[in-house]
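Novice: If you scroll down you'll find the structure; I have some questions about it.
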Amino acid sequence: MLDINLIISDTKHVHDALLKKGFDVDFAPLIKLYDERKTLILKSDELKTKKNKLSASVPMVKKQGGDIEAIFAEVKALNKDIEKYDEKLAKVEKDIFDFLSPLPNMPDDDLLPGEKENNQVIKVFGEKPKFDFKPLDHVELCEKLGLVDYERAAKVSGRGTWFYTNLGARLEWALLNYFIDTHINDGYKFMLPPHILNEESGFTAGQFPKFKQDVFWLEGVEPKKFILPTAETALVNYHRNEILKEENLPEKLFAYTPCYRCEAGSYRTEERGMIRGYQFNKVEMFAYATEKNSKQCFEELVDKACKLVEGLGLHFRLSKLAAGDCSHSMARTYDIEVYIPSMDIYKEVSSASNANDYQARRGNIRYKDAETGKTKYCHTLNASGLATSRVFPALLEQCQNADGSVTIPQVLRKYMGGIEKLYPIK
RNA sequence: GGAGAAGUACCCAAGAGGUCGAAGGGGCUCCCCUGCUAAGGGAGUAGGCUUGUAAAAGGGCGCGAGGGUUCAAAUCCCUCCUUCUCCGCCA
């Protein structure tokens with residue numbers, strides 16, 4: 001949610017910022033609503049003051065034997081007027097809410113406008129692996145090495161899903177453990193959140209109202225519940241409606257969950273295998289910060305995500321996204337994209353974002369400023385650390401050998417009983 | 001899933017239709033005393049949102065959430081949410 005006061009006081013700035021995300025918003029109706037709201041509050045409050053005074057005088061008047069009935073009648077009349085104003089006010093406030101809630105976050109000033117084409121690669125790690133043989137794609141590798149079973153998953157569940165089998169499951173689990181242990185060592189708090197969330201949680205994260213159709217909803221359950229599309233949705237709601245202490249910020253968390261996404265119709269032939277599925281595993285980092293330390297937090301998250309991929313020895317790059325390619329709720333997003341040789345493209349394994357106070361406003365998450373004693377909105381940040389479904393294929397493809405085997409990165413071996421290589425099964 | 005009980009400020013807790021933004025503790029801040037500590041004595045400290053203003057003063061709304069009754073609701077009624085206890089079911 002954007003700050004209405006900022007919109008009123010600096011309309012052009014907000015307008016131009018949103019334009020960078022491709023939203024050309026006419027704020028005139030909002031400004032009108034804002035003024036109407038103030039007028040209505042003024043009027044309603046004035047009547048309420050009168051009413052409260054009259055009502056409070058009743059016991060006194062009674063004692064003195066005055067005319068109580070006259071007071072009753074007067075207050076009743078006032079109540080009718082108050083009701084009228086309050087109804088109008090409720091309508092205006094709802095209109096304001098409806099105006100603001102679908103608007104995206106403002107991108108930070110330094111972002112380029114536009115979409116993907118304006119993303120900037122800011123750093124490249126390692127280089128494209130060179131093969132003196134014809135490298136296989138990860139789907140073939142998974143099959144030959146017996147790591148993943150797509151066909152039976154199609155039978156059991158449907159397309160866009162898979163079984164990790166045997167060493168595939170161990171490799172997946174090793175990745176997750178490698179991520180988790182790294183975050184624990186870095187002092188992040190480990191969280192295992194519920195996977196079924198209520199509607200308010202979706203609103204706070206900024207996934208609703210816009211992306212309601214992208215998540216799985218439980219049928220026949222009241223009140224409505226959905227299955228989390230990312231642990232971020234749960235973590236950002238952890239402190240919903242709370243006032244935190246500044247001395248406890250930043251609060252750094254991480255969680256492991258599968259992520260469940262509909263993404264109906266977005267399945268492309270290019271995205272074979274596990275590049276895009278209805279369910280994938282992800283370790284998510286999250287931070288509650290203050291306006292003072294959120295930038296530093298962001299750098300740390302990006303750095304941590306990069307180090308994880310680096311630790312695996314994979315070639316990848318770090319991109320700063322243009323305004324229009326940032327998530328709806330985010331003021332800035334950096335993507336870590338790992339190289340997939342078979343497609344000769346880079347695929348996102350981590351998305352690090354700073355929402356500034358956008359999500360905090362939606363979820364009413366604040367902190368008390370230690371100096372001024374004032375309550376301020378928190379800044380919320382998140383970064384994948386990491387999503388396995390992209391790392392797994394990249395790892396197989398980048399680490400494959402001429403004999404069809406795949407070398408397990410050093411950091412994962414201790415989680416796989418010391419296995420150094422995966423070999424094709426007969 | 002069934003049956004009961006409860007949700008009040010940072011925490012515990014009183015409150016039973018007007019004088020309640022809400023007693024009393026604890027905590028916290030300051031002072032005194034005891035060479036330190038423990039203990040004791042005294043004083044102070046109540047939130048959030050919003051309106052208003054140069055700043056204030058002043059208003060309005062807030063006692064889990066939302067409705068209702070009433071001139072007047074923390075207090076009465078309804079719905080929902082949550083927690084606890086008991087029973088059932090179950091990994």
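So you can find residues: chains in the structure tokens are A, B, ... in the order shown, residues in each start at 1, and ligands are numbered from 1 in order.
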Quick one: DSSP strand (DSSP E) residues in region 115-344 of chain A, as an MDAnalysis selection string?

Specialist: chainID A and resid 120:125 148:149 163:164 189:191 196:198 216:217 225:227 243:245 251:260 279:289 316:320 332:340

Novice: Neighbours of Lys252 (chain A) within 6 Å (only C-alpha atoms (C1' of nucleotides); same-chain residues fewer than 2 positions away dropped), as JSON, numbers by chain?

Specialist: {"A": [188, 286, 287]}

Novice: Go ahead and save the residues from that selection, with C-alpha atoms, as an mmCIF file, in the first residue's frame.

Specialist:
```
data_model
loop_
_atom_site.group_PDB
_atom_site.id
_atom_site.type_symbol
_atom_site.label_atom_id
_atom_site.label_comp_id
_atom_site.auth_asym_id
_atom_site.auth_seq_id
_atom_site.Cartn_x
_atom_site.Cartn_y
_atom_site.Cartn_z
ATOM 1 C CA TYR A 188 19.288 -16.255 10.690
ATOM 2 C CA PHE A 286 13.326 -12.725 5.093
ATOM 3 C CA ALA A 287 14.083 -9.594 7.089
#
```

Novice: Within 10 Å of chain B, which residues of chain A show up when using only C-alpha atoms (C1' of nucleotides), listed as a PDB file with N, CA, C and O atoms, in the first residue's frame?

Specialist:
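Produced file result_14.pdb, reproduced below:
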```pdb
ATOM      1  N   LYS A  38     -11.809  14.257   4.725  1.00  0.00           N
ATOM      2  CA  LYS A  38     -11.525  15.210   5.813  1.00  0.00           C
ATOM      3  C   LYS A  38     -12.766  16.008   6.184  1.00  0.00           C
ATOM      4  O   LYS A  38     -13.052  16.217   7.367  1.00  0.00           O
ATOM      5  N   THR A  39     -13.474  16.460   5.190  1.00  0.00           N
ATOM      6  CA  THR A  39     -14.680  17.240   5.451  1.00  0.00           C
ATOM      7  C   THR A  39     -15.684  16.422   6.250  1.00  0.00           C
ATOM      8  O   THR A  39     -16.277  16.918   7.222  1.00  0.00           O
ATOM      9  N   ILE A  41     -15.145  13.805   8.149  1.00  0.00           N
ATOM     10  CA  ILE A  41     -14.664  13.539   9.508  1.00  0.00           C
ATOM     11  C   ILE A  41     -14.920  14.747  10.401  1.00  0.00           C
ATOM     12  O   ILE A  41     -15.426  14.633  11.518  1.00  0.00           O
ATOM     13  N   LEU A  42     -14.611  15.899   9.886  1.00  0.00           N
ATOM     14  CA  LEU A  42     -14.797  17.129  10.635  1.00  0.00           C
ATOM     15  C   LEU A  42     -16.242  17.281  11.091  1.00  0.00           C
ATOM     16  O   LEU A  42     -16.530  17.558  12.253  1.00  0.00           O
ATOM     17  N   SER A  44     -18.681  14.972  11.136  1.00  0.00           N
ATOM     18  CA  SER A  44     -19.136  13.883  11.979  1.00  0.00           C
ATOM     19  C   SER A  44     -18.608  14.035  13.406  1.00  0.00           C
ATOM     20  O   SER A  44     -19.349  13.846  14.375  1.00  0.00           O
ATOM     21  N   ASP A  45     -17.336  14.410  13.511  1.00  0.00           N
ATOM     22  CA  ASP A  45     -16.744  14.573  14.842  1.00  0.00           C
ATOM     23  C   ASP A  45     -17.413  15.685  15.628  1.00  0.00           C
ATOM     24  O   ASP A  45     -17.604  15.600  16.838  1.00  0.00           O
ATOM     25  N   GLU A  46     -17.760  16.731  14.916  1.00  0.00           N
ATOM     26  CA  GLU A  46     -18.406  17.868  15.566  1.00  0.00           C
ATOM     27  C   GLU A  46     -19.738  17.429  16.188  1.00  0.00           C
ATOM     28  O   GLU A  46     -20.044  17.743  17.339  1.00  0.00           O
ATOM     29  N   LEU A  47     -20.517  16.692  15.400  1.00  0.00           N
ATOM     30  CA  LEU A  47     -21.798  16.213  15.899  1.00  0.00           C
ATOM     31  C   LEU A  47     -21.611  15.234  17.061  1.00  0.00           C
ATOM     32  O   LEU A  47     -22.377  15.237  18.021  1.00  0.00           O
ATOM     33  N   LYS A  48     -20.573  14.420  16.944  1.00  0.00           N
ATOM     34  CA  LYS A  48     -20.333  13.435  18.001  1.00  0.00           C
ATOM     35  C   LYS A  48     -19.957  14.121  19.313  1.00  0.00           C
ATOM     36  O   LYS A  48     -20.360  13.682  20.392  1.00  0.00           O
ATOM     37  N   THR A  49     -19.187  15.186  19.212  1.00  0.00           N
ATOM     38  CA  THR A  49     -18.828  15.937  20.410  1.00  0.00           C
ATOM     39  C   THR A  49     -20.087  16.424  21.107  1.00  0.00           C
ATOM     40  O   THR A  49     -20.245  16.286  22.327  1.00  0.00           O
ATOM     41  N   LYS A  51     -23.113  15.292  20.816  1.00  0.00           N
ATOM     42  CA  LYS A  51     -23.876  14.155  21.318  1.00  0.00           C
ATOM     43  C   LYS A  51     -23.288  13.619  22.626  1.00  0.00           C
ATOM     44  O   LYS A  51     -24.002  13.373  23.594  1.00  0.00           O
ATOM     45  N   ASN A  52     -21.975  13.461  22.636  1.00  0.00           N
ATOM     46  CA  ASN A  52     -21.325  12.926  23.844  1.00  0.00           C
ATOM     47  C   ASN A  52     -21.571  13.817  25.052  1.00  0.00           C
ATOM     48  O   ASN A  52     -21.791  13.333  26.154  1.00  0.00           O
ATOM     49  N   LEU A  54     -24.084  15.907  25.548  1.00  0.00           N
ATOM     50  CA  LEU A  54     -25.483  15.805  25.950  1.00  0.00           C
ATOM     51  C   LEU A  54     -25.735  14.529  26.738  1.00  0.00           C
ATOM     52  O   LEU A  54     -26.345  14.535  27.807  1.00  0.00           O
ATOM     53  N   SER A  55     -25.252  13.444  26.182  1.00  0.00           N
ATOM     54  CA  SER A  55     -25.465  12.156  26.808  1.00  0.00           C
ATOM     55  C   SER A  55     -24.869  12.111  28.204  1.00  0.00           C
ATOM     56  O   SER A  55     -25.462  11.572  29.130  1.00  0.00           O
ATOM     57  N   ALA A  56     -23.693  12.690  28.315  1.00  0.00           N
ATOM     58  CA  ALA A  56     -23.000  12.653  29.607  1.00  0.00           C
ATOM     59  C   ALA A  56     -23.720  13.501  30.642  1.00  0.00           C
ATOM     60  O   ALA A  56     -23.560  13.302  31.846  1.00  0.00           O
ATOM     61  N   SER A  57     -24.518  14.443  30.189  1.00  0.00           N
ATOM     62  CA  SER A  57     -25.186  15.340  31.134  1.00  0.00           C
ATOM     63  C   SER A  57     -26.443  14.713  31.735  1.00  0.00           C
ATOM     64  O   SER A  57     -27.019  15.239  32.679  1.00  0.00           O
ATOM     65  N   VAL A  58     -26.851  13.576  31.194  1.00  0.00           N
ATOM     66  CA  VAL A  58     -28.100  12.962  31.632  1.00  0.00           C
ATOM     67  C   VAL A  58     -28.176  12.705  33.139  1.00  0.00           C
ATOM     68  O   VAL A  58     -29.148  13.116  33.785  1.00  0.00           O
ATOM     69  N   PRO A  59     -27.180  12.031  33.730  1.00  0.00           N
ATOM     70  CA  PRO A  59     -27.290  11.748  35.167  1.00  0.00           C
ATOM     71  C   PRO A  59     -27.442  13.014  35.997  1.00  0.00           C
ATOM     72  O   PRO A  59     -28.213  13.049  36.964  1.00  0.00           O
ATOM     73  N   MET A  60     -26.703  14.050  35.626  1.00  0.00           N
ATOM     74  CA  MET A  60     -26.760  15.323  36.325  1.00  0.00           C
ATOM     75  C   MET A  60     -28.161  15.926  36.237  1.00  0.00           C
ATOM     76  O   MET A  60     -28.763  16.311  37.244  1.00  0.00           O
ATOM     77  N   ILE A  68     -35.259  15.254  30.923  1.00  0.00           N
ATOM     78  CA  ILE A  68     -34.396  14.278  30.259  1.00  0.00           C
ATOM     79  C   ILE A  68     -34.923  13.934  28.877  1.00  0.00           C
ATOM     80  O   ILE A  68     -34.158  13.712  27.955  1.00  0.00           O
ATOM     81  N   GLU A  69     -36.234  13.866  28.768  1.00  0.00           N
ATOM     82  CA  GLU A  69     -36.841  13.458  27.494  1.00  0.00           C
ATOM     83  C   GLU A  69     -36.391  14.363  26.359  1.00  0.00           C
ATOM     84  O   GLU A  69     -36.149  13.907  25.244  1.00  0.00           O
ATOM     85  N   ALA A  70     -36.250  15.638  26.654  1.00  0.00           N
ATOM     86  CA  ALA A  70     -35.821  16.583  25.627  1.00  0.00           C
ATOM     87  C   ALA A  70     -34.420  16.235  25.154  1.00  0.00           C
ATOM     88  O   ALA A  70     -34.116  16.284  23.961  1.00  0.00           O
ATOM     89  N   ILE A  71     -33.563  15.848  26.088  1.00  0.00           N
ATOM     90  CA  ILE A  71     -32.195  15.463  25.733  1.00  0.00           C
ATOM     91  C   ILE A  71     -32.210  14.213  24.863  1.00  0.00           C
ATOM     92  O   ILE A  71     -31.546  14.132  23.835  1.00  0.00           O
ATOM     93  N   PHE A  72     -32.996  13.232  25.301  1.00  0.00           N
ATOM     94  CA  PHE A  72     -33.106  11.996  24.523  1.00  0.00           C
ATOM     95  C   PHE A  72     -33.459  12.303  23.082  1.00  0.00           C
ATOM     96  O   PHE A  72     -32.874  11.775  22.139  1.00  0.00           O
ATOM     97  N   ALA A  73     -34.458  13.156  22.932  1.00  0.00           N
ATOM     98  CA  ALA A  73     -34.945  13.478  21.588  1.00  0.00           C
ATOM     99  C   ALA A  73     -33.858  14.155  20.771  1.00  0.00           C
ATOM    100  O   ALA A  73     -33.646  13.831  19.592  1.00  0.00           O
ATOM    101  N   GLU A  74     -33.149  15.050  21.422  1.00  0.00           N
ATOM    102  CA  GLU A  74     -32.111  15.789  20.712  1.00  0.00           C
ATOM    103  C   GLU A  74     -30.982  14.848  20.261  1.00  0.00           C
ATOM    104  O   GLU A  74     -30.496  14.931  19.137  1.00  0.00           O
ATOM    105  N   VAL A  75     -30.583  13.962  21.172  1.00  0.00           N
ATOM    106  CA  VAL A  75     -29.507  13.031  20.821  1.00  0.00           C
ATOM    107  C   VAL A  75     -29.948  12.106  19.697  1.00  0.00           C
ATOM    108  O   VAL A  75     -29.172  11.790  18.789  1.00  0.00           O
ATOM    109  N   LYS A  76     -31.208  11.702  19.765  1.00  0.00           N
ATOM    110  CA  LYS A  76     -31.718  10.825  18.701  1.00  0.00           C
ATOM    111  C   LYS A  76     -31.615  11.503  17.356  1.00  0.00           C
ATOM    112  O   LYS A  76     -31.232  10.885  16.353  1.00  0.00           O
ATOM    113  N   ASN A  79     -28.072  11.539  16.297  1.00  0.00           N
ATOM    114  CA  ASN A  79     -27.642  10.217  15.846  1.00  0.00           C
ATOM    115  C   ASN A  79     -27.978   9.980  14.385  1.00  0.00           C
ATOM    116  O   ASN A  79     -27.210   9.352  13.665  1.00  0.00           O
ATOM    117  N   PRO A 223     -13.348 -19.714   6.914  1.00  0.00           N
ATOM    118  CA  PRO A 223     -13.023 -18.702   5.927  1.00  0.00           C
ATOM    119  C   PRO A 223     -11.964 -19.194   4.930  1.00  0.00           C
ATOM    120  O   PRO A 223     -11.243 -20.153   5.218  1.00  0.00           O
ATOM    121  N   ILE A 243       3.728  -4.021  16.769  1.00  0.00           N
ATOM    122  CA  ILE A 243       4.694  -2.936  16.839  1.00  0.00           C
ATOM    123  C   ILE A 243       5.973  -3.526  17.424  1.00  0.00           C
ATOM    124  O   ILE A 243       5.985  -3.990  18.561  1.00  0.00           O
ATOM    125  N   THR A 375       5.981   5.754  16.090  1.00  0.00           N
ATOM    126  CA  THR A 375       5.867   4.475  15.397  1.00  0.00           C
ATOM    127  C   THR A 375       6.026   4.713  13.908  1.00  0.00           C
ATOM    128  O   THR A 375       5.487   5.673  13.356  1.00  0.00           O
TER     129      THR A 375
END
```

Novice: Dump as CSV the rows for residues of region 91-200 of chain A within 9 Å of region 1-11 of chain A: closest atom pair and distance in Å with one decimal, only C-alpha atoms counted, ordered by chain and rising residue number.

Specialist:
```
residue,atom,partner,partner_atom,distance
A:Ile96,CA,A:Ile4,CA,9.0
A:Leu100,CA,A:Met1,CA,6.3
A:Ser101,CA,A:Met1,CA,5.7
A:Pro102,CA,A:Met1,CA,8.1
A:Leu103,CA,A:Met1,CA,7.1
A:Pro104,CA,A:Met1,CA,7.6
A:Asn105,CA,A:Leu2,CA,6.7
A:Met106,CA,A:Leu2,CA,7.8
```

Novice: Based on the selection just made, write all heavy atoms of those residues as a short mmCIF file (atom, residue, chain, number, x, y, z; two decimals), in the first residue's frame.

Specialist:
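Written output follows (selection.cif):
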```
data_model
loop_
_atom_site.label_atom_id
_atom_site.label_comp_id
_atom_site.auth_asym_id
_atom_site.auth_seq_id
_atom_site.Cartn_x
_atom_site.Cartn_y
_atom_site.Cartn_z
N ILE A 96 -11.26 4.91 -1.21
CA ILE A 96 -9.83 5.19 -1.10
C ILE A 96 -9.04 3.88 -1.04
O ILE A 96 -8.05 3.69 -1.75
CB ILE A 96 -9.54 6.04 0.17
CG1 ILE A 96 -10.10 7.45 -0.02
CG2 ILE A 96 -8.05 6.09 0.45
CD1 ILE A 96 -9.97 8.35 1.18
N LEU A 100 -6.27 2.49 -3.69
CA LEU A 100 -4.86 2.27 -3.33
C LEU A 100 -4.42 0.81 -3.39
O LEU A 100 -3.29 0.52 -3.80
CB LEU A 100 -4.60 2.79 -1.91
CG LEU A 100 -4.62 4.30 -1.71
CD1 LEU A 100 -4.43 4.63 -0.24
CD2 LEU A 100 -3.52 4.97 -2.54
N SER A 101 -5.30 -0.10 -2.98
CA SER A 101 -4.82 -1.47 -2.77
C SER A 101 -4.31 -2.17 -4.04
O SER A 101 -3.41 -2.99 -3.92
CB SER A 101 -5.86 -2.32 -2.04
OG SER A 101 -6.99 -2.48 -2.82
N PRO A 102 -4.84 -1.90 -5.22
CA PRO A 102 -4.26 -2.60 -6.37
C PRO A 102 -2.99 -1.94 -6.92
O PRO A 102 -2.33 -2.54 -7.78
CB PRO A 102 -5.37 -2.53 -7.44
CG PRO A 102 -6.44 -1.66 -6.91
CD PRO A 102 -6.01 -1.10 -5.60
N LEU A 103 -2.67 -0.76 -6.45
CA LEU A 103 -1.49 -0.07 -6.99
C LEU A 103 -0.20 -0.78 -6.56
O LEU A 103 -0.09 -1.24 -5.45
CB LEU A 103 -1.44 1.38 -6.51
CG LEU A 103 -2.54 2.30 -7.03
CD1 LEU A 103 -2.36 3.69 -6.46
CD2 LEU A 103 -2.54 2.33 -8.55
N PRO A 104 0.75 -0.84 -7.46
CA PRO A 104 2.02 -1.50 -7.12
C PRO A 104 2.88 -0.60 -6.25
O PRO A 104 2.57 0.58 -6.08
CB PRO A 104 2.67 -1.71 -8.48
CG PRO A 104 2.17 -0.58 -9.31
CD PRO A 104 0.77 -0.30 -8.83
N ASN A 105 3.94 -1.15 -5.76
CA ASN A 105 4.90 -0.37 -4.99
C ASN A 105 5.64 0.58 -5.93
O ASN A 105 5.78 0.33 -7.13
CB ASN A 105 5.87 -1.31 -4.31
CG ASN A 105 6.62 -0.63 -3.17
OD1 ASN A 105 6.48 0.58 -2.95
ND2 ASN A 105 7.41 -1.39 -2.45
N MET A 106 6.14 1.67 -5.38
CA MET A 106 6.96 2.59 -6.17
C MET A 106 8.37 2.02 -6.30
O MET A 106 8.96 1.62 -5.29
CB MET A 106 7.09 3.93 -5.47
CG MET A 106 5.83 4.75 -5.47
SD MET A 106 6.26 6.46 -5.10
CE MET A 106 6.92 6.29 -3.47
#
```

Novice: Just list as number ranges by chain whatever in region 204-300 of chain A DSSP marks as alpha helix (DSSP H).

Specialist: A: 204-205, 231-235, 294-300

Novice: So what do you get for CA of Asp95 (chain A) versus CA of Glu200 (chain A), distance-wise?

Specialist: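 Atom-to-atom, CA of Asp95 (chain A) to CA of Glu200 (chain A), that is 18.8 Å.
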
Novice: Identify, on the basis of only C-alpha atoms (C1' of nucleotides), every residue whose closest approach to region 147-153 of chain A does not exceed 12 Å; exclude the query and any residue fewer than 4 positions from it along the same chain; express the result as a PyMOL selection string.

Specialist: chain A and resi 138-143+157-172+272-274+277-279+389+392-393+396+406+422-425

Novice: Calculated over only C-alpha atoms, which of the candidates A:Gly418, A:Gly126, A:Gly385, A:Pro209 has the smallest distance to Asp181 (chain A)?

Specialist: A:Gly385

Novice: In Å, with one decimal, what is the gap from C1' of C78 (chain B) to C1' of C63 (chain B)?

Specialist: 19.0 Å

Novice: Residues at most 12 Å from Thr407 (chain A), counting only C-alpha atoms (C1' of nucleotides), excluding those fewer than 5 positions away in the same chain, as a list in words?

Specialist: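 Once the adjacent positions are removed, what remains is Leu145, Leu171, Leu312, Gly313, Leu314, Leu395, Leu396, Glu397, Gln398, Cys399, Gln400, Asn401, Ala402, Leu412, Arg413, Gly418, Ile419, Glu420, Lys421, Leu422, Tyr423 and Pro424 of chain A.
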
Novice: Tell me, as a PyMOL selection string, which residues lie within 12 Å of G24 (chain B), counting only C-alpha atoms (C1' of nucleotides); anything in the same chain fewer than 4 positions away does not count.

Specialist: chain B and resi 12-15

Novice: Just the selected residues (C-alpha atoms (C1' of nucleotides)), exported as a PDB file, in the first residue's frame, please.

Specialist:
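Saved result, again_38.pdb, follows:
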```pdb
ATOM      1  C1'   C B  12      -0.984 -10.086  35.425  1.00  0.00           C
ATOM      2  C1'   A B  13      -5.636  -8.315  36.705  1.00  0.00           C
ATOM      3  C1'   A B  14     -10.383  -5.361  38.616  1.00  0.00           C
ATOM      4  C1'   G B  15     -14.691  -3.792  36.163  1.00  0.00           C
TER       5        G B  15
END
```

Novice: If we count only C-alpha atoms (C1' of nucleotides), what is near C77 (chain B) at a cut-off of 12 Å, once residues fewer than 4 positions away on the same chain are taken out, given as a list in words?

Specialist: G67, G68, U69, U70 and A73 of chain B

Novice: Applying 6 Å and only C-alpha atoms (C1' of nucleotides), which residues near region 21-33 of chain A remain after dropping the ones on its own chain fewer than 4 positions away? List them as a VMD selection string.

Specialist: chain A and resid 37 323 to 324

Novice: Kindly give the distance, in Å, that separates C1' of C84 (chain B) and CA of Leu218 (chain A), rounded to a single decimal.

Specialist: 28.2 Å
